[in-house]
Amino acid sequence: MTYFGFLLRFLILPIILFLIITWWDNKNNKPTPGFQNGRAVWIAIVVHVILAVVYTTPWDNYLVATGVWYYNPALVTGIVFGYVPIEEYTFFIVETILSGLWWWFLARRISEPKENFQPSKSARIVAAVILFIVWVIFTALFFSDNQPITYLSITLFWALPAIFPQLLYGADILWYYRKLVFLAIFIPGTYLSLADIIALKDTTWAISPAQTTGILFFGILPLEEVVFFFITNILIAFGITLLLSNIGRQRFNDWKSNHYKGLP
């Protein structure tokens with residue numbers, strides 16, 4: 001199976017399905033309780049697409065350049081930017097669109113939590129500190145030249161700094177919308193992990209056994225691939241939830257107001 005064939009089957013077709021559902025929901029003015037709707041969601045998805053491409057490109061080029069991840073030359077177009085085929089850049093884009101549309105689908109169908117939101121600065125700080133400690137550990141492992149931990153450690157070294165400000169800004173908001181956030185992460189993370197099994201079996205791409213822990217699901221899917229799909233969906237789900245939630249907007253407006261009040 002070619003890389004573009006994989007993208008068509010497992011990402012483009014679901015995107016088309018969710019676009020049809022989104023069109024129907026918009027036509028019927030289906031609301032997103034507690035969140036901005038309509039044009040704001042499209043803007044949020046576009047913002048995350050841009051961030052995904054910009055932030056992921058150096059990491060992915062490093063993986064290919066060092067042989068952690070490699071693709072079958074016979075199953076790609078041969079158009080390469082840096083070390084990475086154009087199909088991989090396309091993957092960054094379509095995964096973000098699919099996950100964003102899935103978030104929108106859920107946000108319109110999950111009712112707003114019944115309990116009142118209780119802001120918690122301490123929860124935000126504790127969550128951020130825990131994440132920082134985890135990042136320090138995996139950063140040390142990455143620079144320790146321990147080959148079997150390379151893929152896992154470089155993934156967490158790369159991804160966790162982007163999650164850190166999300167937790168520091170709105171860990172309490174994310175917890176408040178925990179049902180939405182969980183489903184927005186778990187379903188696409190699981191779906192893409194299972195789809196990855198097919199790509200690995202078809203040799204569309206491959207993972208270096210020497211630079212992974214050797215923990216395999218179903219005898220073929222490396223733990224590191226599962227971590228990648230889940231952590232990218234964490235970034236998307238956290239980001240869109242915080243960007244579009246009315247609580248998140250109010251927090252930003254309060255911060256901005258207090259900031260300007262402090263100016264001379």
# chains A, B, ... in the order shown; residues from 1 in each chain; ligands from 1
$ select_by_dssp --residues "stretch 87-216 of chain A" --states "strand (DSSP E)" --output "ChimeraX atom specification"
/A:205-207,216
$ residues_around --residues "A:Glu224" --least-positions-apart "4" --cutoff "9 Å" --atoms "only C-alpha atoms" --output "PyMOL selection string"
chain A and resi 151-152+155+212-213+215-216+228-229
$ residues_around --residues "stretch 97-99 of chain A" --least-positions-apart "3" --cutoff "9 Å" --atoms "only C-alpha atoms" --output "MDAnalysis selection string"
chainID A and resid 11:12 14:15 18 45:46 48:49 92:94 102:104 184:185 188 233 236:237
$ select_by_dssp --residues "stretch 91-161 of chain A" --states "alpha helix (DSSP H)" --output "PyMOL selection string"
chain A and resi 91-107+121-142+150-161
$ closest_residue --among "A:Glu95, A:Glu88, A:Glu112, A:Asp60" --to "A:Thr32" --atoms "only C-alpha atoms"
A:Glu112
$ residues_around --residues "A:Phe105" --least-positions-apart "6" --cutoff "12 Å" --atoms "only C-alpha atoms" --output "number ranges by chain"
A: 15, 17-26, 30-33, 37, 41, 98-99, 180, 183-184
